[in-house]
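Okay, query_29.json now, which holds JSON, C-alpha atoms:
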```
[["chain", "number", "residue", "atom", "x", "y", "z"],
["A", 236, "MET", "CA", 49.93, -27.60, 1.30],
["A", 237, "PRO", "CA", 46.47, -29.08, 2.01],
["A", 238, "LYS", "CA", 45.24, -32.03, 0.01],
["A", 239, "THR", "CA", 43.46, -31.24, -3.24],
["A", 240, "SER", "CA", 39.97, -32.26, -1.98],
["A", 241, "ALA", "CA", 40.26, -30.15, 1.18],
["A", 242, "ARG", "CA", 41.65, -27.24, -0.80],
["A", 243, "LEU", "CA", 38.73, -27.41, -3.26],
["A", 244, "LEU", "CA", 36.25, -27.21, -0.38],
["A", 245, "SER", "CA", 38.12, -24.24, 1.07],
["A", 246, "LEU", "CA", 38.11, -22.53, -2.33],
["A", 247, "LEU", "CA", 34.38, -23.15, -2.77],
["A", 248, "SER", "CA", 33.68, -21.76, 0.70],
["A", 249, "LEU", "CA", 35.60, -18.57, -0.14],
["A", 250, "LEU", "CA", 33.80, -18.14, -3.46],
["A", 251, "GLN", "CA", 30.43, -18.44, -1.69],
["A", 252, "ALA", "CA", 31.42, -15.89, 0.94],
["A", 253, "ARG", "CA", 31.51, -12.83, -1.34],
["A", 254, "ARG", "CA", 30.79, -11.84, -4.93],
["A", 255, "ASP", "CA", 34.24, -11.25, -6.46],
["A", 256, "TRP", "CA", 37.64, -12.59, -5.47],
["A", 257, "PRO", "CA", 40.96, -11.41, -6.99],
["A", 258, "GLY", "CA", 43.07, -14.41, -7.92],
["A", 259, "ALA", "CA", 45.99, -13.17, -5.82],
["A", 260, "ASP", "CA", 43.77, -12.95, -2.71],
["A", 261, "LEU", "CA", 42.55, -16.52, -3.21],
["A", 262, "ALA", "CA", 46.11, -17.76, -3.63],
["A", 263, "SER", "CA", 47.16, -15.95, -0.45],
["A", 264, "ARG", "CA", 44.22, -17.29, 1.61],
["A", 265, "LEU", "CA", 44.82, -20.85, 0.41],
["A", 266, "GLU", "CA", 48.60, -20.54, 0.62],
["A", 267, "VAL", "CA", 49.09, -21.79, -2.94],
["A", 268, "SER", "CA", 50.25, -20.33, -6.24],
["A", 269, "ALA", "CA", 48.00, -18.48, -8.69],
["A", 270, "ARG", "CA", 48.53, -21.37, -11.11],
["A", 271, "THR", "CA", 47.15, -23.82, -8.52],
["A", 272, "VAL", "CA", 44.12, -21.59, -8.01],
["A", 273, "ARG", "CA", 43.44, -21.67, -11.77],
["A", 274, "ARG", "CA", 43.66, -25.48, -11.81],
["A", 275, "ASP", "CA", 41.35, -25.76, -8.79],
["A", 276, "VAL", "CA", 38.83, -23.43, -10.42],
["A", 277, "ASP", "CA", 38.86, -25.66, -13.50],
["A", 278, "ARG", "CA", 38.20, -28.71, -11.28],
["A", 279, "LEU", "CA", 35.21, -26.99, -9.66],
["A", 280, "ARG", "CA", 33.87, -26.10, -13.10],
["A", 281, "GLU", "CA", 34.08, -29.78, -14.08],
["A", 282, "LEU", "CA", 31.98, -30.58, -10.99],
["A", 283, "GLY", "CA", 29.25, -28.22, -12.19],
["A", 284, "TYR", "CA", 30.06, -24.98, -10.39],
["A", 285, "PRO", "CA", 29.57, -21.96, -12.73],
["A", 286, "ILE", "CA", 32.68, -19.94, -11.88],
["A", 287, "ALA", "CA", 33.20, -16.92, -14.13],
["A", 288, "THR", "CA", 36.52, -15.21, -14.74],
["A", 289, "VAL", "CA", 36.46, -11.53, -13.78],
["A", 290, "LYS", "CA", 38.58, -9.34, -16.02],
["A", 291, "GLY", "CA", 40.62, -6.49, -14.67],
["A", 292, "PRO", "CA", 44.11, -5.42, -13.57],
["A", 293, "ASP", "CA", 44.27, -8.15, -10.92],
["A", 294, "GLY", "CA", 41.98, -10.73, -12.52],
["A", 295, "GLY", "CA", 39.68, -12.81, -10.38],
["A", 296, "TYR", "CA", 36.74, -15.17, -10.08],
["A", 297, "ARG", "CA", 33.03, -15.07, -9.34],
["A", 298, "LEU", "CA", 30.64, -17.90, -8.42],
["A", 299, "GLY", "CA", 27.51, -17.49, -10.53],
["A", 300, "ALA", "CA", 24.22, -19.29, -11.10],
["A", 301, "GLY", "CA", 24.11, -22.24, -13.47],
["A", 302, "SER", "CA", 21.52, -24.39, -15.21],
["A", 303, "GLU", "CA", 21.85, -27.18, -12.62],
["A", 304, "LEU", "CA", 22.19, -27.23, -8.84],
["A", 305, "PRO", "CA", 25.71, -28.35, -7.89],
["A", 306, "PRO", "CA", 26.68, -29.52, -4.40],
["A", 307, "LEU", "CA", 26.51, -26.72, -1.83],
["A", 308, "LEU", "CA", 28.78, -25.97, 1.08],
["A", 309, "PHE", "CA", 27.49, -24.59, 4.39],
["A", 310, "ASP", "CA", 29.26, -23.71, 7.60],
["A", 311, "ASP", "CA", 27.92, -25.20, 10.86],
["A", 312, "ASP", "CA", 25.58, -22.34, 11.74],
["A", 313, "GLN", "CA", 24.18, -22.15, 8.19],
["A", 314, "ALA", "CA", 23.51, -25.91, 8.13],
["A", 315, "VAL", "CA", 21.68, -25.86, 11.47],
["A", 316, "ALA", "CA", 19.65, -22.77, 10.47],
["A", 317, "LEU", "CA", 18.67, -24.42, 7.19],
["A", 318, "ALA", "CA", 17.55, -27.61, 8.94],
["A", 319, "ALA", "CA", 15.59, -25.64, 11.54],
["A", 320, "ALA", "CA", 13.82, -23.64, 8.83],
["A", 321, "LEU", "CA", 12.94, -26.82, 6.94],
["A", 322, "GLN", "CA", 11.56, -28.46, 10.09],
["A", 323, "SER", "CA", 9.39, -25.39, 10.69],
["A", 324, "ALA", "CA", 8.09, -25.69, 7.13],
["A", 325, "VAL", "CA", 7.30, -29.38, 7.65],
["A", 326, "VAL", "CA", 4.91, -28.67, 10.55],
["A", 327, "GLY", "CA", 3.85, -25.15, 9.62],
["A", 328, "GLY", "CA", 1.45, -25.95, 6.81],
["A", 329, "GLY", "CA", 1.19, -24.05, 3.55],
["A", 330, "GLY", "CA", 1.36, -26.98, 1.15],
["A", 331, "MET", "CA", 5.11, -27.58, 1.01],
["A", 332, "GLU", "CA", 5.35, -30.11, 3.85],
["A", 333, "GLU", "CA", 6.34, -33.09, 1.69],
["A", 334, "ALA", "CA", 9.02, -31.22, -0.23],
["A", 335, "ALA", "CA", 10.36, -29.70, 2.99],
["A", 336, "MET", "CA", 10.55, -33.15, 4.62],
["A", 337, "ARG", "CA", 12.50, -34.56, 1.67],
["A", 338, "ALA", "CA", 14.89, -31.61, 1.78],
["A", 339, "LEU", "CA", 15.29, -31.95, 5.56],
["A", 340, "ASN", "CA", 16.12, -35.66, 5.24],
["A", 341, "THR", "CA", 18.67, -34.88, 2.52],
["A", 342, "VAL", "CA", 20.39, -32.18, 4.58],
["A", 343, "ARG", "CA", 20.35, -34.26, 7.76],
["A", 344, "GLN", "CA", 21.79, -37.32, 6.03],
["A", 345, "VAL", "CA", 24.98, -35.53, 4.97],
["A", 346, "MET", "CA", 25.51, -33.68, 8.25],
["A", 347, "PRO", "CA", 28.32, -34.69, 10.58],
["A", 348, "SER", "CA", 27.12, -36.26, 13.81],
["A", 349, "ARG", "CA", 27.82, -33.15, 15.90],
["A", 350, "LEU", "CA", 25.45, -31.07, 13.74],
["A", 351, "ARG", "CA", 22.87, -33.83, 13.46],
["A", 352, "ARG", "CA", 22.56, -33.89, 17.24],
["A", 353, "ARG", "CA", 21.98, -30.12, 17.31],
["A", 354, "VAL", "CA", 19.29, -30.39, 14.64],
["A", 355, "ASP", "CA", 17.56, -33.31, 16.37],
["A", 356, "MET", "CA", 17.24, -31.21, 19.53],
["A", 357, "PHE", "CA", 15.22, -28.64, 17.58],
["A", 358, "GLN", "CA", 11.61, -29.84, 17.80],
["A", 359, "VAL", "CA", 8.61, -27.88, 16.49],
["A", 360, "THR", "CA", 5.00, -28.56, 17.46],
["A", 361, "ALA", "CA", 2.17, -27.25, 15.28],
["A", 362, "ILE", "CA", -0.92, -26.03, 17.15],
["A", 363, "GLY", "CA", -4.22, -25.73, 15.32],
["A", 364, "THR", "CA", -5.70, -27.34, 12.24],
["A", 365, "ALA", "CA", -3.49, -27.92, 9.24],
["A", 366, "ALA", "CA", -3.91, -25.52, 6.38],
["A", 367, "ALA", "CA", -5.13, -26.71, 3.01],
["A", 368, "ALA", "CA", -2.27, -27.71, 0.73],
["A", 369, "VAL", "CA", -1.28, -25.54, -2.22],
["A", 370, "GLY", "CA", 0.61, -27.05, -5.11],
["A", 371, "VAL", "CA", 4.11, -25.76, -5.66],
["A", 372, "GLU", "CA", 3.27, -25.12, -9.32],
["A", 373, "VAL", "CA", 0.35, -22.88, -8.29],
["A", 374, "LEU", "CA", 2.58, -20.88, -5.94],
["A", 375, "MET", "CA", 5.25, -20.53, -8.63],
["A", 376, "THR", "CA", 2.65, -19.39, -11.17],
["A", 377, "LEU", "CA", 1.25, -16.76, -8.79],
["A", 378, "SER", "CA", 4.73, -15.56, -7.81],
["A", 379, "ALA", "CA", 5.80, -15.32, -11.46],
["A", 380, "ALA", "CA", 2.72, -13.24, -12.32],
["A", 381, "VAL", "CA", 3.45, -10.90, -9.40],
["A", 382, "HIS", "CA", 7.06, -10.51, -10.51],
["A", 383, "ALA", "CA", 6.19, -10.01, -14.20],
["A", 384, "ARG", "CA", 3.30, -7.65, -13.37],
["A", 385, "GLU", "CA", 0.98, -9.57, -15.66],
["A", 386, "VAL", "CA", -2.80, -9.81, -15.29],
["A", 387, "LEU", "CA", -3.66, -13.20, -13.81],
["A", 388, "ARG", "CA", -6.55, -15.25, -15.23],
["A", 389, "PHE", "CA", -7.88, -17.94, -12.88],
["A", 390, "ASP", "CA", -10.90, -19.81, -11.56],
["A", 391, "TYR", "CA", -11.94, -19.04, -7.98],
["A", 392, "ALA", "CA", -14.86, -20.82, -6.33],
["A", 393, "ASP", "CA", -15.72, -22.20, -9.78],
["A", 394, "ALA", "CA", -16.01, -18.69, -11.24],
["A", 395, "PRO", "CA", -13.61, -17.10, -13.76],
["A", 396, "ARG", "CA", -11.68, -14.09, -12.41],
["A", 397, "LYS", "CA", -9.14, -11.57, -13.67],
["A", 398, "ALA", "CA", -6.89, -9.65, -11.30],
["A", 399, "GLU", "CA", -3.68, -7.66, -11.07],
["A", 400, "PRO", "CA", -1.53, -9.70, -8.63],
["A", 401, "HIS", "CA", 0.54, -7.60, -6.23],
["A", 402, "HIS", "CA", 1.78, -9.77, -3.34],
["A", 403, "LEU", "CA", 1.91, -13.44, -2.38],
["A", 404, "VAL", "CA", 1.73, -13.66, 1.43],
["A", 405, "THR", "CA", 1.39, -16.24, 4.20],
["A", 406, "ARG", "CA", -0.80, -15.89, 7.29],
["A", 407, "GLY", "CA", -1.64, -18.56, 9.83],
["A", 408, "GLY", "CA", -0.11, -21.31, 7.69],
["A", 409, "ARG", "CA", -2.11, -20.37, 4.59],
["A", 410, "TRP", "CA", -1.03, -18.71, 1.35],
["A", 411, "TYR", "CA", -2.94, -15.67, 0.05],
["A", 412, "LEU", "CA", -2.77, -13.55, -3.08],
["A", 413, "VAL", "CA", -3.25, -9.80, -2.65],
["A", 414, "ALA", "CA", -4.62, -8.46, -5.92],
["A", 415, "TRP", "CA", -6.70, -5.76, -7.58],
["A", 416, "ASP", "CA", -9.84, -7.55, -8.82],
["A", 417, "LEU", "CA", -10.59, -6.26, -12.32],
["A", 418, "ASP", "CA", -14.10, -7.73, -12.26],
["A", 419, "ARG", "CA", -15.07, -6.10, -8.93],
["A", 420, "ASP", "CA", -12.92, -2.99, -9.35],
["A", 421, "ASP", "CA", -11.61, -3.40, -5.81],
["A", 422, "TRP", "CA", -8.85, -4.96, -3.72],
["A", 423, "ARG", "CA", -9.21, -8.62, -2.75],
["A", 424, "VAL", "CA", -7.26, -11.18, -0.71],
["A", 425, "PHE", "CA", -7.67, -14.58, -2.39],
["A", 426, "ARG", "CA", -6.88, -17.91, -0.75],
["A", 427, "ALA", "CA", -4.23, -19.57, -2.90],
["A", 428, "ASP", "CA", -5.60, -23.07, -2.33],
["A", 429, "HIS", "CA", -8.85, -21.96, -4.03],
["A", 430, "ILE", "CA", -7.06, -20.57, -7.10],
["A", 431, "SER", "CA", -6.81, -22.54, -10.35],
["A", 432, "PRO", "CA", -4.63, -20.48, -12.73],
["A", 433, "ARG", "CA", -5.45, -20.26, -16.40],
["A", 434, "THR", "CA", -2.95, -19.76, -19.21],
["A", 435, "PRO", "CA", -1.79, -17.61, -20.73],
["A", 436, "ASN", "CA", -1.60, -14.59, -18.45],
["A", 437, "GLY", "CA", -3.08, -11.28, -19.54],
["A", 438, "PRO", "CA", -1.24, -8.05, -20.45],
["A", 439, "ARG", "CA", 1.28, -6.27, -18.24],
["A", 440, "PHE", "CA", -0.01, -3.60, -15.86],
["A", 441, "THR", "CA", 1.28, -0.68, -13.83],
["A", 442, "PRO", "CA", 1.01, -1.63, -10.14],
["A", 443, "ARG", "CA", -1.36, 0.30, -7.91],
["A", 444, "GLU", "CA", -0.42, 1.16, -4.33],
["A", 445, "VAL", "CA", -1.87, -1.11, -1.68],
["A", 446, "PRO", "CA", -4.17, 0.89, 0.65],
["A", 447, "GLY", "CA", -2.06, 2.35, 3.42],
["A", 448, "GLY", "CA", 1.15, 1.42, 1.58],
["A", 449, "ASP", "CA", 1.87, -1.53, 3.93],
["A", 450, "VAL", "CA", 0.84, -4.95, 2.64],
["A", 451, "ALA", "CA", 1.17, -6.60, 6.08],
["A", 452, "ALA", "CA", -1.09, -4.04, 7.75],
["A", 453, "PHE", "CA", -3.48, -4.20, 4.79],
["A", 454, "VAL", "CA", -3.88, -7.99, 4.97],
["A", 455, "THR", "CA", -4.27, -7.91, 8.76],
["A", 456, "SER", "CA", -7.01, -5.30, 8.47],
["A", 457, "ARG", "CA", -8.81, -7.39, 5.87],
["A", 458, "PHE", "CA", -9.17, -10.14, 8.43],
["A", 459, "GLN", "CA", -10.40, -7.55, 10.91],
["A", 460, "GLY", "CA", -13.31, -6.76, 8.60],
["A", 461, "ASN", "CA", -12.24, -3.32, 7.32],
["A", 462, "ASP", "CA", -12.73, -2.05, 3.78],
["A", 463, "GLY", "CA", -9.51, -0.05, 3.43],
["A", 464, "THR", "CA", -10.99, 3.24, 4.58],
["A", 465, "GLY", "CA", -11.92, 2.30, 8.15],
["A", 466, "GLY", "CA", -15.39, 0.93, 7.38],
["A", 467, "ALA", "CA", -16.71, -2.60, 7.46],
["A", 468, "GLY", "CA", -15.43, -4.96, 4.83],
["A", 469, "GLY", "CA", -16.71, -7.96, 2.93],
["A", 470, "THR", "CA", -16.70, -11.62, 3.95],
["A", 471, "ASP", "CA", -14.23, -12.69, 1.24],
["A", 472, "GLY", "CA", -11.40, -10.84, 2.95],
["A", 473, "THR", "CA", -12.01, -7.32, 1.69],
["A", 474, "GLY", "CA", -10.93, -4.63, 4.07],
["A", 475, "GLY", "CA", -8.30, -2.05, 4.71],
["A", 476, "VAL", "CA", -6.10, -0.41, 7.26],
["A", 477, "GLY", "CA", -7.48, 0.95, 10.51],
["A", 478, "GLY", "CA", -8.05, -1.76, 13.16],
["A", 479, "TRP", "CA", -11.16, -3.61, 14.27],
["A", 480, "PRO", "CA", -14.41, -2.00, 13.13],
["A", 481, "CYS", "CA", -16.01, -2.72, 16.52],
["A", 482, "ARG", "CA", -14.20, -1.85, 19.74],
["A", 483, "GLY", "CA", -15.66, -1.67, 23.22],
["A", 484, "GLU", "CA", -14.87, -1.28, 26.91],
["A", 485, "VAL", "CA", -16.17, -3.29, 29.87],
["A", 486, "ILE", "CA", -15.45, -3.83, 33.56],
["A", 487, "LEU", "CA", -15.00, -7.48, 34.51],
["A", 488, "HIS", "CA", -15.72, -8.58, 38.08],
["A", 489, "ALA", "CA", -12.60, -10.70, 38.22],
["A", 490, "PRO", "CA", -9.06, -10.04, 39.43],
["A", 491, "ILE", "CA", -6.55, -9.04, 36.77],
["A", 492, "ALA", "CA", -4.56, -12.21, 37.51],
["A", 493, "ALA", "CA", -7.49, -14.26, 36.21],
["A", 494, "VAL", "CA", -7.93, -12.17, 33.06],
["A", 495, "ALA", "CA", -4.47, -11.03, 31.92],
["A", 496, "PRO", "CA", -3.11, -14.50, 31.01],
["A", 497, "PHE", "CA", -5.93, -14.92, 28.49],
["A", 498, "ALA", "CA", -6.06, -11.34, 27.16],
["A", 499, "PRO", "CA", -3.37, -11.93, 24.46],
["A", 500, "PHE", "CA", -5.70, -14.46, 22.85],
["A", 501, "ALA", "CA", -8.45, -11.85, 22.50],
["A", 502, "HIS", "CA", -8.56, -9.27, 19.72],
["A", 503, "ASP", "CA", -5.94, -6.59, 20.54],
["A", 504, "ALA", "CA", -7.04, -6.63, 24.18],
["A", 505, "VAL", "CA", -5.93, -4.08, 26.79],
["A", 506, "VAL", "CA", -6.49, -4.98, 30.47],
["A", 507, "GLU", "CA", -6.00, -2.69, 33.48],
["A", 508, "GLU", "CA", -6.45, -3.38, 37.19],
["A", 509, "LEU", "CA", -9.14, -1.37, 38.99],
["A", 510, "ASP", "CA", -8.97, -3.08, 42.39],
["A", 511, "SER", "CA", -8.29, -6.55, 43.79],
["A", 512, "GLU", "CA", -11.57, -7.92, 42.40],
["A", 513, "ARG", "CA", -12.15, -5.94, 39.18],
["A", 514, "CYS", "CA", -10.34, -4.97, 35.98],
["A", 515, "ARG", "CA", -11.01, -2.87, 32.89],
["A", 516, "LEU", "CA", -10.96, -4.61, 29.49],
["A", 517, "VAL", "CA", -10.85, -2.97, 26.06],
["A", 518, "LEU", "CA", -10.81, -5.08, 22.91],
["A", 519, "GLY", "CA", -12.05, -5.21, 19.33],
["A", 520, "SER", "CA", -13.74, -7.58, 16.89],
["A", 521, "TRP", "CA", -15.32, -7.68, 13.46],
["A", 522, "SER", "CA", -18.94, -7.33, 14.76],
["A", 523, "TRP", "CA", -20.68, -6.32, 17.99],
["A", 524, "PRO", "CA", -22.15, -9.79, 18.72],
["A", 525, "ALA", "CA", -18.70, -11.32, 18.12],
["A", 526, "LEU", "CA", -17.19, -8.79, 20.52],
["A", 527, "ALA", "CA", -19.79, -9.58, 23.19],
["A", 528, "ALA", "CA", -19.14, -13.31, 22.74],
["A", 529, "ALA", "CA", -15.38, -12.77, 23.07],
["A", 530, "ILE", "CA", -15.88, -10.95, 26.37],
["A", 531, "GLY", "CA", -18.08, -13.79, 27.61],
["A", 532, "VAL", "CA", -15.21, -16.27, 27.53],
["A", 533, "PHE", "CA", -13.65, -14.60, 30.60],
["A", 534, "ASP", "CA", -16.42, -16.14, 32.75],
["A", 535, "ALA", "CA", -17.11, -13.12, 34.94],
["A", 536, "ASP", "CA", -19.88, -10.61, 35.62],
["A", 537, "VAL", "CA", -19.70, -7.73, 33.13],
["A", 538, "GLU", "CA", -20.44, -4.00, 33.27],
["A", 539, "VAL", "CA", -20.56, -2.39, 29.83],
["A", 540, "VAL", "CA", -18.84, 1.00, 29.75],
["A", 541, "GLY", "CA", -19.57, 1.54, 26.07],
["A", 542, "PRO", "CA", -20.52, 2.02, 23.38],
["A", 543, "PRO", "CA", -24.30, 1.42, 23.29],
["A", 544, "GLU", "CA", -23.88, -1.03, 20.39],
["A", 545, "LEU", "CA", -21.96, -3.39, 22.68],
["A", 546, "LYS", "CA", -24.71, -3.30, 25.33],
["A", 547, "ALA", "CA", -27.29, -4.08, 22.61],
["A", 548, "ALA", "CA", -25.15, -6.99, 21.41],
["A", 549, "PHE", "CA", -25.13, -8.49, 24.93],
["A", 550, "ALA", "CA", -28.94, -8.25, 25.00],
["A", 551, "LEU", "CA", -29.14, -9.94, 21.59],
["A", 552, "LEU", "CA", -26.91, -12.80, 22.70],
["A", 553, "ALA", "CA", -28.89, -13.16, 25.93],
["A", 554, "ARG", "CA", -32.09, -13.67, 23.93],
["A", 555, "ARG", "CA", -30.41, -16.13, 21.58],
["A", 556, "TYR", "CA", -28.88, -18.15, 24.40],
["A", 557, "ALA", "CA", -32.14, -18.17, 26.35],
["A", 558, "ALA", "CA", -33.99, -19.44, 23.27],
["A", 559, "ALA", "CA", -31.37, -22.14, 22.79]]
```

The structure in this file should be written as structure tokens.
Amino acid sequence: MPKTSARLLSLLSLLQARRDWPGADLASRLEVSARTVRRDVDRLRELGYPIATVKGPDGGYRLGAGSELPPLLFDDDQAVALAAALQSAVVGGGGMEEAAMRALNTVRQVMPSRLRRRVDMFQVTAIGTAAAAVGVEVLMTLSAAVHAREVLRFDYADAPRKAEPHHLVTRGGRWYLVAWDLDRDDWRVFRADHISPRTPNGPRFTPREVPGGDVAAFVTSRFQGNDGTGGAGGTDGTGGVGGWPCRGEVILHAPIAAVAPFAPFAHDAVVEELDSERCRLVLGSWSWPALAAAIGVFDADVEVVGPPELKAAFALLARRYAAA
């Protein structure tokens, strides 16, 4: 029979593995009597684990949620995955870096050396500017309002707002609130770090459907400048589903090998080889001048295939650059 401490860890691991366990199954897996299982369950309860007794013909046990966080038990893969996720949160921005670092240090400290070495080999490098921090309390308040379907009252850019919160999302290291703005009678995507919640919340509401039915596509289209119906959107993130409002085609006098490596960094770019010295490029942007400027970064002579708005944008930029 294993020692009591080892047996308790084995019992806890089994209880975490699935919702309900018949007492006889636990006794069989641990190779002990049903009476020993009952005593071990009582010991875990004394340590703070909320283990409920399941009634029925066989009887059994269930690990539930309690008022305090007791010690947790992870297998090797779970522990490494948890540490990797925390390290990503430390460098990924979003306002939880400090809490993630404390949690990572706590997890790493209690890891056996073999797992600590695996975690230390996992290194994450953040590229780009750090996002503005958002307090955990703000995120919890926004999330609670989304879950409760309660009208949110808050200050945004020093102005009072009221909105029906629908989704809390992350994009590019920032947190955003997708909501129906009751003051503007329209959908908005608010930056969470600009939100100062007011209390109490307003009345409950019946959720509306996000345009297109896909919140990820909806938020992406907002940043592409769409208004939810395929038209141009507002500068505060308003927009909808349908892709970039401005999309054009050009021929670049450069080999595809010089263009293709950089095409993924352009706006939904498509590049095709025409011959050894030329390639066709199609891409989109939120305005025609912005699209012309994006094409200019490829540092090659350009033939505009269309539309006319793109050719006019090149002429506009030429005048601006010449004046500069």

Subject >> Length of the CA of Gly291 (chain A) to CA of Arg278 (chain A) vector [Å] >> reply: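 Atom-to-atom, CA of Gly291 (chain A) and CA of Arg278 (chain A) are spaced 22.6 Å apart.
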
At a cut-off of 8 Å around the point (-16.5, -5.1, 30.3) (file coordinates), what residues fall inside when counting all atoms listed in the file? I'd like the answer as a PDB file with C-alpha atoms, in the coordinates of the input.
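Writing the result to part.pdb gives the following:
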```pdb
ATOM      1  CA  GLY A 483     -15.660  -1.670  23.220  1.00  0.00           C
ATOM      2  CA  GLU A 484     -14.870  -1.280  26.910  1.00  0.00           C
ATOM      3  CA  VAL A 485     -16.170  -3.290  29.870  1.00  0.00           C
ATOM      4  CA  ILE A 486     -15.450  -3.830  33.560  1.00  0.00           C
ATOM      5  CA  LEU A 487     -15.000  -7.480  34.510  1.00  0.00           C
ATOM      6  CA  ARG A 515     -11.010  -2.870  32.890  1.00  0.00           C
ATOM      7  CA  LEU A 516     -10.960  -4.610  29.490  1.00  0.00           C
ATOM      8  CA  VAL A 517     -10.850  -2.970  26.060  1.00  0.00           C
ATOM      9  CA  ILE A 530     -15.880 -10.950  26.370  1.00  0.00           C
ATOM     10  CA  VAL A 537     -19.700  -7.730  33.130  1.00  0.00           C
ATOM     11  CA  GLU A 538     -20.440  -4.000  33.270  1.00  0.00           C
ATOM     12  CA  VAL A 539     -20.560  -2.390  29.830  1.00  0.00           C
ATOM     13  CA  VAL A 540     -18.840   1.000  29.750  1.00  0.00           C
TER      14      VAL A 540
END
```

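Interatomic distance, CA of Asp310 (chain A) against CA of Thr239 (chain A): 19.4 Å.
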
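Atom to atom, CA of Pro490 (chain A) and CA of Leu545 (chain A) stand 22.2 Å apart.
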
**OP:** Quick one: everything within 10 Å of Pro435 (chain A), counting all atoms listed in the file, minus sequence neighbours fewer than 4 positions away in the same chain. Send it as a list in words.
**Re:**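 Near neighbours after the sequence-gap exclusion: Glu385, Val386, Leu387, Arg388 and Phe389 of chain A.
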
**OP:** For each of A:Leu282, A:Leu246, A:Leu321, A:Ala493, take the minimum atom-to-atom distance to Ala262 (chain A), counting all atoms listed in the file, then give the residue where this is smallest.
**Re:** A:Leu246
